[in-house]
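Data file: final01.pdb. Format and content: PDB, C-alpha atoms.
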```pdb
ATOM      1  CA  MET A   1      99.368  -6.799 -40.590
ATOM      2  CA  LEU A   2      98.106 -10.135 -39.218
ATOM      3  CA  GLU A   3     100.485 -13.073 -38.994
ATOM      4  CA  PRO A   4     100.222 -15.842 -41.641
ATOM      5  CA  ALA A   5      99.232 -18.414 -38.972
ATOM      6  CA  PHE A   6      95.877 -16.663 -38.713
ATOM      7  CA  ASN A   7      95.109 -17.730 -42.292
ATOM      8  CA  SER A   8      94.561 -21.337 -41.184
ATOM      9  CA  PRO A   9      91.357 -23.015 -42.450
ATOM     10  CA  PRO A  10      89.701 -23.102 -38.968
ATOM     11  CA  THR A  11      90.392 -19.399 -38.419
ATOM     12  CA  LEU A  12      89.060 -18.451 -41.829
ATOM     13  CA  ALA A  13      85.972 -20.591 -41.189
ATOM     14  CA  LEU A  14      85.436 -18.758 -37.890
ATOM     15  CA  LEU A  15      85.554 -15.487 -39.808
ATOM     16  CA  ARG A  16      82.952 -16.839 -42.241
ATOM     17  CA  LEU A  17      80.758 -17.813 -39.293
ATOM     18  CA  GLY A  18      80.932 -14.268 -37.950
ATOM     19  CA  LYS A  19      79.978 -12.819 -41.330
ATOM     20  CA  LEU A  20      77.051 -15.222 -41.605
ATOM     21  CA  LEU A  21      75.759 -14.386 -38.121
ATOM     22  CA  ARG A  22      76.041 -10.686 -38.882
ATOM     23  CA  ALA A  23      74.153 -11.128 -42.156
ATOM     24  CA  ARG A  24      71.371 -12.883 -40.263
ATOM     25  CA  GLY A  25      71.016  -9.995 -37.833
ATOM     26  CA  TYR A  26      72.460 -11.790 -34.820
ATOM     27  CA  ARG A  27      72.907  -9.622 -31.701
ATOM     28  CA  PHE A  28      73.792 -10.495 -28.105
ATOM     29  CA  VAL A  29      75.001  -8.427 -25.130
ATOM     30  CA  THR A  30      77.045 -10.561 -22.735
ATOM     31  CA  PRO A  31      76.117 -10.167 -19.036
ATOM     32  CA  THR A  32      78.102 -11.038 -15.907
ATOM     33  CA  PRO A  33      78.827 -14.744 -15.323
ATOM     34  CA  LEU A  34      76.422 -14.779 -12.362
ATOM     35  CA  THR A  35      73.593 -13.305 -14.442
ATOM     36  CA  HIS A  36      74.417 -15.726 -17.250
ATOM     37  CA  GLN A  37      74.196 -18.647 -14.847
ATOM     38  CA  ARG A  38      70.908 -17.482 -13.327
ATOM     39  CA  VAL A  39      69.228 -16.969 -16.693
ATOM     40  CA  ASN A  40      70.362 -20.365 -17.968
ATOM     41  CA  GLN A  41      68.982 -22.042 -14.828
ATOM     42  CA  ARG A  42      65.449 -20.764 -15.439
ATOM     43  CA  PRO A  43      62.828 -23.349 -16.465
ATOM     44  CA  GLY A  44      62.800 -23.902 -20.206
ATOM     45  CA  ASN A  45      66.362 -22.657 -20.766
ATOM     46  CA  ALA A  46      68.203 -25.981 -20.606
ATOM     47  CA  LEU A  47      68.330 -26.368 -24.407
ATOM     48  CA  ALA A  48      68.924 -23.795 -27.137
ATOM     49  CA  LYS A  49      66.104 -22.856 -29.465
ATOM     50  CA  ASP A  50      67.788 -20.268 -31.720
ATOM     51  CA  LEU A  51      71.062 -18.574 -32.649
ATOM     52  CA  ARG A  52      71.164 -16.360 -29.534
ATOM     53  CA  ASP A  53      70.746 -19.393 -27.311
ATOM     54  CA  VAL A  54      73.563 -21.246 -29.075
ATOM     55  CA  PHE A  55      76.098 -18.465 -29.624
ATOM     56  CA  GLY A  56      75.135 -16.068 -26.838
ATOM     57  CA  TRP A  57      73.810 -18.080 -23.913
ATOM     58  CA  SER A  58      76.095 -21.057 -24.680
ATOM     59  CA  ARG A  59      73.273 -23.560 -24.319
ATOM     60  CA  PRO A  60      73.527 -27.094 -25.739
ATOM     61  CA  PHE A  61      71.358 -27.809 -28.746
ATOM     62  CA  ALA A  62      69.807 -30.832 -30.373
ATOM     63  CA  ASP A  63      69.965 -31.931 -34.001
ATOM     64  CA  GLY A  64      67.727 -29.787 -36.167
ATOM     65  CA  THR A  65      68.146 -26.575 -34.118
ATOM     66  CA  LEU A  66      70.657 -25.051 -36.539
ATOM     67  CA  ASP A  67      70.642 -25.315 -40.323
ATOM     68  CA  GLU A  68      73.288 -27.285 -42.143
ATOM     69  CA  GLU A  69      75.111 -24.203 -43.471
ATOM     70  CA  ILE A  70      75.974 -23.021 -39.965
ATOM     71  CA  LEU A  71      76.775 -26.527 -38.753
ATOM     72  CA  GLU A  72      79.206 -27.097 -41.610
ATOM     73  CA  ILE A  73      81.035 -23.835 -40.929
ATOM     74  CA  MET A  74      81.194 -24.705 -37.219
ATOM     75  CA  ARG A  75      82.787 -28.043 -38.106
ATOM     76  CA  GLU A  76      85.346 -26.331 -40.337
ATOM     77  CA  ALA A  77      86.074 -23.795 -37.587
ATOM     78  CA  GLU A  78      86.459 -26.669 -35.096
ATOM     79  CA  VAL A  79      84.029 -25.091 -32.628
ATOM     80  CA  LEU A  80      81.264 -27.729 -32.752
ATOM     81  CA  GLN A  81      81.606 -29.899 -29.664
ATOM     82  CA  PRO A  82      79.589 -33.033 -28.780
ATOM     83  CA  HIS A  83      77.438 -32.700 -25.663
ATOM     84  CA  ALA A  84      75.298 -35.086 -23.639
ATOM     85  CA  GLN A  85      72.220 -33.273 -24.945
ATOM     86  CA  GLY A  86      73.476 -32.999 -28.523
ATOM     87  CA  TRP A  87      75.989 -30.279 -29.362
ATOM     88  CA  ILE A  88      77.445 -27.090 -27.948
ATOM     89  CA  SER A  89      79.444 -24.206 -29.432
ATOM     90  CA  GLN A  90      82.956 -23.691 -28.087
ATOM     91  CA  VAL A  91      82.710 -19.950 -28.770
ATOM     92  CA  ARG A  92      80.327 -17.101 -28.033
ATOM     93  CA  TRP A  93      79.597 -14.068 -30.178
ATOM     94  CA  SER A  94      78.827 -10.684 -28.612
ATOM     95  CA  THR A  95      77.807  -7.344 -30.075
ATOM     96  CA  LEU A  96      79.598  -4.165 -29.053
ATOM     97  CA  SER A  97      78.340  -0.965 -30.674
ATOM     98  CA  ASP A  98      77.965  -2.071 -34.311
ATOM     99  CA  GLY A  99      80.663  -4.746 -34.086
ATOM    100  CA  LEU A 100      80.540  -8.499 -33.542
ATOM    101  CA  TYR A 101      83.194 -10.234 -31.417
ATOM    102  CA  VAL A 102      84.011 -13.901 -30.952
ATOM    103  CA  HIS A 103      85.285 -15.053 -27.549
ATOM    104  CA  SER A 104      85.174 -18.064 -25.226
ATOM    105  CA  ARG A 105      81.924 -19.827 -24.383
ATOM    106  CA  PHE A 106      80.300 -19.811 -20.971
ATOM    107  CA  PRO A 107      81.485 -20.868 -18.471
ATOM    108  CA  THR A 108      85.020 -19.565 -19.057
ATOM    109  CA  GLU A 109      86.849 -22.292 -17.171
ATOM    110  CA  GLN A 110      89.714 -23.148 -19.536
ATOM    111  CA  SER A 111      93.165 -21.771 -18.715
ATOM    112  CA  ASP A 112      93.344 -20.061 -22.123
ATOM    113  CA  ALA A 113      89.772 -18.709 -22.059
ATOM    114  CA  VAL A 114      89.206 -15.296 -23.658
ATOM    115  CA  PHE A 115      86.846 -13.214 -21.535
ATOM    116  CA  PHE A 116      84.275 -10.686 -22.738
ATOM    117  CA  GLY A 117      81.635  -9.104 -20.509
ATOM    118  CA  PRO A 118      80.387  -5.954 -18.753
ATOM    119  CA  ASP A 119      83.952  -4.769 -18.086
ATOM    120  CA  THR A 120      84.519  -4.845 -21.850
ATOM    121  CA  TYR A 121      81.604  -2.493 -22.435
ATOM    122  CA  ARG A 122      82.763  -0.101 -19.700
ATOM    123  CA  PHE A 123      86.365  -0.162 -20.937
ATOM    124  CA  THR A 124      85.544   0.570 -24.574
ATOM    125  CA  ARG A 125      83.104   3.314 -23.567
ATOM    126  CA  LEU A 126      85.891   4.912 -21.514
ATOM    127  CA  LEU A 127      88.274   4.588 -24.460
ATOM    128  CA  ARG A 128      85.817   6.043 -26.961
ATOM    129  CA  ASP A 129      85.207   9.030 -24.722
ATOM    130  CA  TYR A 130      88.939   9.616 -24.361
ATOM    131  CA  LEU A 131      89.653   9.326 -28.094
ATOM    132  CA  ALA A 132      86.737  11.607 -28.966
ATOM    133  CA  HIS A 133      88.385  14.424 -26.997
ATOM    134  CA  ALA A 134      92.113  13.638 -27.390
ATOM    135  CA  ASN A 135      93.964  16.320 -29.332
ATOM    136  CA  GLN A 136      97.532  15.003 -29.350
ATOM    137  CA  PRO A 137      98.795  12.997 -32.373
ATOM    138  CA  LEU A 138      98.551   9.254 -31.806
ATOM    139  CA  ARG A 139     101.031   7.492 -34.061
ATOM    140  CA  ARG A 140     101.582   4.302 -32.011
ATOM    141  CA  ILE A 141      98.996   2.666 -29.753
ATOM    142  CA  ALA A 142      99.437  -0.501 -27.679
ATOM    143  CA  ASP A 143      96.688  -2.574 -26.080
ATOM    144  CA  ILE A 144      98.299  -4.654 -23.304
ATOM    145  CA  GLY A 145      96.389  -7.894 -22.719
ATOM    146  CA  CYS A 146      94.079  -7.378 -25.677
ATOM    147  CA  GLY A 147      91.861 -10.416 -25.016
ATOM    148  CA  ALA A 148      89.299 -10.596 -27.812
ATOM    149  CA  GLY A 149      90.590  -7.257 -29.142
ATOM    150  CA  PRO A 150      87.780  -4.752 -28.395
ATOM    151  CA  GLY A 151      90.170  -2.089 -27.090
ATOM    152  CA  ALA A 152      92.671  -2.365 -29.928
ATOM    153  CA  ILE A 153      89.914  -2.527 -32.554
ATOM    154  CA  THR A 154      88.122   0.499 -31.095
ATOM    155  CA  ALA A 155      91.386   2.460 -31.139
ATOM    156  CA  ALA A 156      92.124   1.393 -34.715
ATOM    157  CA  GLN A 157      88.645   2.427 -35.833
ATOM    158  CA  MET A 158      88.846   5.858 -34.230
ATOM    159  CA  ARG A 159      92.492   6.461 -35.211
ATOM    160  CA  PRO A 160      92.858   4.855 -38.670
ATOM    161  CA  GLY A 161      96.182   6.598 -39.247
ATOM    162  CA  ALA A 162      97.820   5.073 -36.169
ATOM    163  CA  GLU A 163      99.822   1.869 -35.849
ATOM    164  CA  VAL A 164      97.851  -0.184 -33.311
ATOM    165  CA  MET A 165      99.396  -3.194 -31.588
ATOM    166  CA  ALA A 166      97.162  -5.830 -29.956
ATOM    167  CA  LEU A 167      99.352  -7.650 -27.424
ATOM    168  CA  ASP A 168      98.698 -10.725 -25.287
ATOM    169  CA  ILE A 169     100.512 -13.791 -23.930
ATOM    170  CA  ASN A 170      97.541 -16.032 -24.774
ATOM    171  CA  PRO A 171      97.730 -17.442 -28.350
ATOM    172  CA  ARG A 172      93.974 -18.054 -28.286
ATOM    173  CA  ALA A 173      93.332 -14.387 -27.528
ATOM    174  CA  LEU A 174      95.565 -13.310 -30.408
ATOM    175  CA  ALA A 175      93.815 -15.673 -32.833
ATOM    176  CA  LEU A 176      90.357 -14.391 -31.852
ATOM    177  CA  THR A 177      91.531 -10.771 -32.017
ATOM    178  CA  ALA A 178      92.693 -11.415 -35.577
ATOM    179  CA  VAL A 179      89.255 -12.771 -36.506
ATOM    180  CA  ASN A 180      87.467  -9.858 -34.860
ATOM    181  CA  ALA A 181      89.732  -7.302 -36.541
ATOM    182  CA  ARG A 182      89.114  -8.791 -39.960
ATOM    183  CA  LEU A 183      85.390  -8.943 -39.309
ATOM    184  CA  ALA A 184      85.482  -5.236 -38.436
ATOM    185  CA  GLY A 185      87.466  -4.421 -41.600
ATOM    186  CA  ILE A 186      90.487  -3.203 -39.623
ATOM    187  CA  TYR A 187      93.880  -3.191 -41.350
ATOM    188  CA  ASN A 188      96.009  -0.824 -39.203
ATOM    189  CA  LEU A 189      96.235  -3.372 -36.397
ATOM    190  CA  ARG A 190      99.143  -5.692 -35.625
ATOM    191  CA  VAL A 191      98.557  -8.801 -33.498
ATOM    192  CA  GLN A 192     101.619  -9.952 -31.566
ATOM    193  CA  SER A 193     102.530 -12.110 -28.588
ATOM    194  CA  SER A 194     104.112 -10.009 -25.833
ATOM    195  CA  ASP A 195     104.416 -10.114 -22.061
ATOM    196  CA  LEU A 196     103.416  -6.524 -21.257
ATOM    197  CA  LEU A 197     105.655  -4.528 -23.668
ATOM    198  CA  ARG A 198     108.752  -6.719 -23.287
ATOM    199  CA  ASP A 199     108.526  -8.199 -26.796
ATOM    200  CA  VAL A 200     107.909  -4.968 -28.713
ATOM    201  CA  ASP A 201     110.201  -2.017 -29.275
ATOM    202  CA  GLY A 202     109.897   1.729 -28.985
ATOM    203  CA  GLN A 203     107.647   4.216 -27.278
ATOM    204  CA  PHE A 204     103.890   4.634 -27.533
ATOM    205  CA  ASP A 205     101.647   7.674 -27.690
ATOM    206  CA  LEU A 206      98.801   5.745 -26.079
ATOM    207  CA  ILE A 207      98.875   2.602 -23.958
ATOM    208  CA  ILE A 208      95.531   1.061 -23.060
ATOM    209  CA  ALA A 209      94.756  -1.912 -20.842
ATOM    210  CA  ASN A 210      91.831  -3.743 -19.279
ATOM    211  CA  PRO A 211      93.753  -6.414 -17.348
ATOM    212  CA  PRO A 212      92.537  -9.265 -15.134
ATOM    213  CA  TYR A 213      92.154  -7.938 -11.586
ATOM    214  CA  MET A 214      90.639 -10.751  -9.523
ATOM    215  CA  LEU A 215      92.353 -13.220  -7.223
ATOM    216  CA  ASP A 216      91.688 -16.604  -8.796
ATOM    217  CA  ALA A 217      92.500 -19.797  -6.885
ATOM    218  CA  GLN A 218      93.243 -21.543 -10.209
ATOM    219  CA  GLN A 219      95.331 -18.565 -11.406
ATOM    220  CA  ARG A 220      93.713 -18.614 -14.846
ATOM    221  CA  THR A 221      95.413 -16.114 -17.156
ATOM    222  CA  TYR A 222      92.263 -14.260 -18.209
ATOM    223  CA  ARG A 223      91.112 -13.744 -14.614
ATOM    224  CA  HIS A 224      94.044 -13.692 -12.146
ATOM    225  CA  GLY A 225      95.641 -10.315 -11.442
ATOM    226  CA  GLY A 226      98.077 -11.517  -8.792
ATOM    227  CA  GLY A 227      99.624  -9.457  -6.039
ATOM    228  CA  LYS A 228      97.624  -8.071  -3.143
ATOM    229  CA  HIS A 229      93.895  -8.478  -3.863
ATOM    230  CA  GLY A 230      94.540  -8.892  -7.606
ATOM    231  CA  ALA A 231      96.306  -5.567  -8.269
ATOM    232  CA  GLY A 232      99.670  -7.040  -9.269
ATOM    233  CA  LEU A 233      99.207  -6.964 -13.040
ATOM    234  CA  SER A 234      97.661  -3.479 -12.993
ATOM    235  CA  LEU A 235     100.678  -2.150 -11.074
ATOM    236  CA  ALA A 236     103.036  -3.867 -13.539
ATOM    237  CA  ILE A 237     101.245  -2.167 -16.460
ATOM    238  CA  PHE A 238     101.493   1.178 -14.658
ATOM    239  CA  ASP A 239     105.257   0.715 -14.139
ATOM    240  CA  THR A 240     105.736  -0.371 -17.761
ATOM    241  CA  ALA A 241     103.837   2.633 -19.087
ATOM    242  CA  MET A 242     106.012   5.039 -17.097
ATOM    243  CA  GLU A 243     109.014   3.687 -18.972
ATOM    244  CA  ARG A 244     107.522   3.365 -22.461
ATOM    245  CA  LEU A 245     105.253   6.370 -22.985
ATOM    246  CA  ALA A 246     106.418   8.854 -25.610
ATOM    247  CA  PRO A 247     106.602  12.518 -24.596
ATOM    248  CA  GLY A 248     103.043  13.698 -24.121
ATOM    249  CA  GLY A 249     101.814  10.093 -24.251
ATOM    250  CA  THR A 250      98.986   8.678 -22.143
ATOM    251  CA  LEU A 251      98.180   5.494 -20.253
ATOM    252  CA  LEU A 252      94.481   4.664 -20.034
ATOM    253  CA  LEU A 253      94.032   1.826 -17.560
ATOM    254  CA  TYR A 254      90.676   0.305 -16.645
ATOM    255  CA  THR A 255      90.879  -2.145 -13.748
ATOM    256  CA  GLY A 256      89.279  -3.352 -10.532
ATOM    257  CA  VAL A 257      90.374  -2.765  -6.945
ATOM    258  CA  ALA A 258      89.484  -4.227  -3.572
ATOM    259  CA  ILE A 259      88.468  -1.608  -1.004
ATOM    260  CA  VAL A 260      89.624  -2.566   2.502
ATOM    261  CA  GLU A 261      88.483  -0.452   5.463
ATOM    262  CA  GLY A 262      87.673   2.376   3.083
ATOM    263  CA  GLU A 263      91.164   2.373   1.540
ATOM    264  CA  ASP A 264      92.131   1.740  -2.085
ATOM    265  CA  ALA A 265      95.618   0.208  -1.931
ATOM    266  CA  PHE A 266      96.088   0.522  -5.699
ATOM    267  CA  LEU A 267      95.373   4.246  -5.609
ATOM    268  CA  ASN A 268      97.714   4.680  -2.647
ATOM    269  CA  ALA A 269     100.520   2.956  -4.590
ATOM    270  CA  ILE A 270      99.886   5.186  -7.619
ATOM    271  CA  ARG A 271     100.015   8.318  -5.484
ATOM    272  CA  LEU A 272     103.302   7.235  -3.936
ATOM    273  CA  SER A 273     104.905   6.512  -7.318
ATOM    274  CA  LEU A 274     103.758   9.806  -8.849
ATOM    275  CA  ARG A 275     104.597  12.019  -5.898
ATOM    276  CA  ASP A 276     106.813  14.946  -6.959
ATOM    277  CA  THR A 277     106.971  13.768 -10.592
ATOM    278  CA  GLY A 278     104.734  16.499 -12.000
ATOM    279  CA  TRP A 279     102.963  13.987 -14.282
ATOM    280  CA  GLU A 280      99.320  14.720 -15.055
ATOM    281  CA  TRP A 281      96.908  12.055 -13.881
ATOM    282  CA  ASP A 282      93.274  11.448 -13.088
ATOM    283  CA  TYR A 283      91.645   8.594 -11.180
ATOM    284  CA  GLN A 284      87.954   7.813 -10.883
ATOM    285  CA  GLU A 285      85.617   5.045  -9.800
ATOM    286  CA  ILE A 286      83.577   3.841 -12.766
ATOM    287  CA  ASP A 287      81.437   1.455 -10.718
ATOM    288  CA  PRO A 288      81.697   1.288  -6.898
ATOM    289  CA  ASP A 289      80.460  -2.285  -6.467
ATOM    290  CA  VAL A 290      81.050  -5.216  -8.845
ATOM    291  CA  PHE A 291      81.461  -8.999  -8.423
ATOM    292  CA  GLY A 292      79.955  -8.901  -4.937
ATOM    293  CA  GLU A 293      79.829 -12.699  -4.875
ATOM    294  CA  GLU A 294      83.633 -12.736  -4.657
ATOM    295  CA  LEU A 295      83.467 -11.270  -1.135
ATOM    296  CA  GLN A 296      82.348 -14.699   0.106
ATOM    297  CA  LYS A 297      85.737 -16.175  -0.817
ATOM    298  CA  PRO A 298      88.692 -16.320   1.616
ATOM    299  CA  GLU A 299      90.836 -14.187  -0.703
ATOM    300  CA  TYR A 300      88.496 -11.248  -0.101
ATOM    301  CA  ALA A 301      87.728 -11.791   3.580
ATOM    302  CA  GLU A 302      89.064  -8.294   4.390
ATOM    303  CA  ALA A 303      87.456  -6.457   1.462
ATOM    304  CA  GLU A 304      84.234  -4.500   1.863
ATOM    305  CA  ARG A 305      83.663  -4.042  -1.877
ATOM    306  CA  ILE A 306      85.319  -4.380  -5.291
ATOM    307  CA  ALA A 307      85.233  -1.284  -7.497
ATOM    308  CA  CYS A 308      85.992  -0.645 -11.159
ATOM    309  CA  VAL A 309      88.344   2.300 -11.626
ATOM    310  CA  ALA A 310      89.977   4.235 -14.448
ATOM    311  CA  LEU A 311      93.455   5.744 -14.373
ATOM    312  CA  ARG A 312      94.547   8.308 -16.962
ATOM    313  CA  LEU A 313      98.256   9.127 -16.785
ATOM    314  CA  SER A 314     100.081  11.545 -19.103
ATOM    315  CA  TYR A 315     103.862  11.716 -19.469
ATOM    316  CA  GLN A 316     105.196  15.246 -19.014
ATOM    317  CA  PRO A 317     108.858  15.016 -20.124
ATOM    318  CA  ASN A 318     109.890  18.433 -18.822
ATOM    319  CA  LEU A 319     108.789  17.541 -15.331
ATOM    320  CA  ARG A 320     109.829  13.923 -15.081
ATOM    321  CA  GLN A 321     112.054  13.118 -12.115
ATOM    322  CA  ARG A 322     114.725  10.443 -12.308
TER
END
```
As structure tokens, please, write out the structure in this file.
Amino acid sequence: MLEPAFNSPPTLALLRLGKLLRARGYRFVTPTPLTHQRVNQRPGNALAKDLRDVFGWSRPFADGTLDEEILEIMREAEVLQPHAQGWISQVRWSTLSDGLYVHSRFPTEQSDAVFFGPDTYRFTRLLRDYLAHANQPLRRIADIGCGAGPGAITAAQMRPGAEVMALDINPRALALTAVNARLAGIYNLRVQSSDLLRDVDGQFDLIIANPPYMLDAQQRTYRHGGGKHGAGLSLAIFDTAMERLAPGGTLLLYTGVAIVEGEDAFLNAIRLSLRDTGWEWDYQEIDPDVFGEELQKPEYAEAERIACVALRLSYQPNLRQR
């Protein structure tokens, strides 16, 4: 169910690289960008010494650090980039549960960068918990803004009988999702370019999303949420889900919100939209304080903290108001 373009030689070589790293027991948990930066700045960490340094910590490496088999596959995958200190990998590989995921190297500065980090771990843990207890049939599942594909792949693994759609506007994200799905042995997953759900048809029994929620001065796709304090994209996903959920269907949205004078503007907007609808919903803070360094920027001059939250919304057709 993956498009023919993903059978290109570089993409297939990237898949081979993932299989080789997995066979060699490679593991790496990706931290926050600030932690990543601090660890790399420690004495002795300027150059890579092993696979984790190269493909996890994104450190440059000299000739002789990696064996020729890996170097050749990196060349074929077009991810081996010259560096002042030798070479550097254009991709990172992270472990999530028992899976291995390829995504953009650190720092993620490119406009088409594909992010993977602590939010990814929180989001997939939330999704796994939901799917472990969900009783309703899930025939069609959509992951809006799939990134490297961890949400869509997790859903496909736990619901092998469902049609799972991994959607994103970033071609790089779709290509890496295809690699990660194949590496995980997933075949009930369809990778497709779509702005929200505008380019796909029909209703969905489950819509999941872990969208960008920061205000980014460069407005990079993987990071910028838009709107007031970065909530624009999350609100757009909420509105889209209200129109495209099948009867009894659920939206599971993991996002971040800026708290200003003790108020969560995103939650207030959700309450207003759902007032008198009778829809079932639940809202909780997953982590009350993340990305504290962002509060030093002008965009967050009014915010007292940034919190990670989860919204679960279920469509109740008999009670819906129009």
With the file shown as input, list the residues that the PyMOL selection byres ((chain A and resi 117) around 12) selects, as a VMD selection string.
chain A and resid 28 to 36 56 92 to 96 101 to 108 114 to 116 118 to 124 147 to 148 150 210
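Atom pair CA of Gly248 in chain A / CA of Tyr315 in chain A: separated by 5.1 Å.
The interatomic distance for the pair CA of Glu68 in chain A and CA of Lys19 in chain A works out to 16.0 Å.
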Skip range 168-179 of chain A itself and residues of its chain fewer than 4 positions away, then list as a compact mmCIF listing (two decimals) with C-alpha atoms, in the frame of the given file all residues within 8 Å of it, counting only C-alpha atoms.
```txt
# COMPACT_ATOMS: atom_id res chain seq x y z
CA LEU A 2 98.11 -10.14 -39.22
CA PHE A 6 95.88 -16.66 -38.71
CA THR A 11 90.39 -19.40 -38.42
CA LEU A 12 89.06 -18.45 -41.83
CA LEU A 14 85.44 -18.76 -37.89
CA LEU A 15 85.55 -15.49 -39.81
CA VAL A 102 84.01 -13.90 -30.95
CA HIS A 103 85.28 -15.05 -27.55
CA ASP A 112 93.34 -20.06 -22.12
CA ALA A 113 89.77 -18.71 -22.06
CA VAL A 114 89.21 -15.30 -23.66
CA ILE A 144 98.30 -4.65 -23.30
CA GLY A 145 96.39 -7.89 -22.72
CA CYS A 146 94.08 -7.38 -25.68
CA GLY A 147 91.86 -10.42 -25.02
CA ALA A 148 89.30 -10.60 -27.81
CA GLY A 149 90.59 -7.26 -29.14
CA PRO A 150 87.78 -4.75 -28.40
CA LEU A 183 85.39 -8.94 -39.31
CA VAL A 191 98.56 -8.80 -33.50
CA GLN A 192 101.62 -9.95 -31.57
CA SER A 193 102.53 -12.11 -28.59
CA SER A 194 104.11 -10.01 -25.83
CA ASP A 195 104.42 -10.11 -22.06
CA LEU A 196 103.42 -6.52 -21.26
CA THR A 221 95.41 -16.11 -17.16
```
With the PyMOL selection byres ((chain A and resi 286-290) around 7) as the selection, what would be picked from this file? Answer as a ChimeraX atom specification, please.
/A:284-285,291-292,305-310
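When CA of His224 in chain A is paired with CA of Asp53 in chain A, their separation reads 28.4 Å.
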Give as a PyMOL selection string the residues that the PyMOL selection byres ((chain A and resi 253) around 6) matches when applied to the coordinates above.
chain A and resi 208-209+252+254+310-311
Using all atoms listed in the file, can you tell me which of A:Leu126, A:Leu235, A:Ala241, A:Leu167 comes closest to Val257 in chain A?
A:Leu235
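In terms of minimum interatomic distance to Arg139 in chain A, A:Gln203 ranks closest within A:Asn45, A:Asn7, A:Thr240, A:Gln203, counting all atoms listed in the file.
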Residues at most 10 Å from Pro247 in chain A, counting only C-alpha atoms, excluding those fewer than 6 positions away in the same chain, as an MDAnalysis selection string?
chainID A and resid 203:205 314:318
Mind working out the centre and edge lengths of an axis-aligned box for range 254-260 of chain A, all listed atoms inside, 8 Å added to each side, rounded to one decimal in Å and written as JSON?
```
{"center_x": 89.7, "center_y": -2.0, "center_z": -7.1, "size_x": 18.4, "size_y": 20.5, "size_z": 35.1}
```
Do a neighbour search on Arg220 in chain A at 8 Å with only C-alpha atoms, toss out local chain neighbours closer than 2 positions, and write the hits as a PyMOL selection string.
chain A and resi 110-112+216+218+222-224
Print the selection's residues with C-alpha atoms to a file, as a PDB file, keeping the file's coordinate frame.
```pdb
ATOM      1  CA  GLN A 110      89.714 -23.148 -19.536  1.00  0.00           C
ATOM      2  CA  SER A 111      93.165 -21.771 -18.715  1.00  0.00           C
ATOM      3  CA  ASP A 112      93.344 -20.061 -22.123  1.00  0.00           C
ATOM      4  CA  ASP A 216      91.688 -16.604  -8.796  1.00  0.00           C
ATOM      5  CA  GLN A 218      93.243 -21.543 -10.209  1.00  0.00           C
ATOM      6  CA  TYR A 222      92.263 -14.260 -18.209  1.00  0.00           C
ATOM      7  CA  ARG A 223      91.112 -13.744 -14.614  1.00  0.00           C
ATOM      8  CA  HIS A 224      94.044 -13.692 -12.146  1.00  0.00           C
TER       9      HIS A 224
END
```
Closest of A:Ile88, A:Ile153, A:Leu245, A:Ala77 to Asp63 in chain A - atom-to-atom distances counting all atoms listed in the file
A:Ile88
Using only C-alpha atoms, pick whichever of A:Arg182, A:Arg190, A:Lys297, A:His83 has the shortest atom-to-atom distance to His229 in chain A.
A:Lys297
Nearby residues (all atoms listed in the file) at most 10 Å from Gly230 in chain A, same-chain spacing under 6 positions excluded, as a PyMOL selection string
chain A and resi 212-216+223-224+255-258+266+299-300
Write a file of the selected residues as an mmCIF file, keeping the file's coordinate frame, keeping C-alpha atoms.
```
data_model
loop_
_atom_site.group_PDB
_atom_site.id
_atom_site.type_symbol
_atom_site.label_atom_id
_atom_site.label_comp_id
_atom_site.auth_asym_id
_atom_site.auth_seq_id
_atom_site.Cartn_x
_atom_site.Cartn_y
_atom_site.Cartn_z
ATOM 1 C CA PRO A 212 92.537 -9.265 -15.134
ATOM 2 C CA TYR A 213 92.154 -7.938 -11.586
ATOM 3 C CA MET A 214 90.639 -10.751 -9.523
ATOM 4 C CA LEU A 215 92.353 -13.220 -7.223
ATOM 5 C CA ASP A 216 91.688 -16.604 -8.796
ATOM 6 C CA ARG A 223 91.112 -13.744 -14.614
ATOM 7 C CA HIS A 224 94.044 -13.692 -12.146
ATOM 8 C CA THR A 255 90.879 -2.145 -13.748
ATOM 9 C CA GLY A 256 89.279 -3.352 -10.532
ATOM 10 C CA VAL A 257 90.374 -2.765 -6.945
ATOM 11 C CA ALA A 258 89.484 -4.227 -3.572
ATOM 12 C CA PHE A 266 96.088 0.522 -5.699
ATOM 13 C CA GLU A 299 90.836 -14.187 -0.703
ATOM 14 C CA TYR A 300 88.496 -11.248 -0.101
#
```
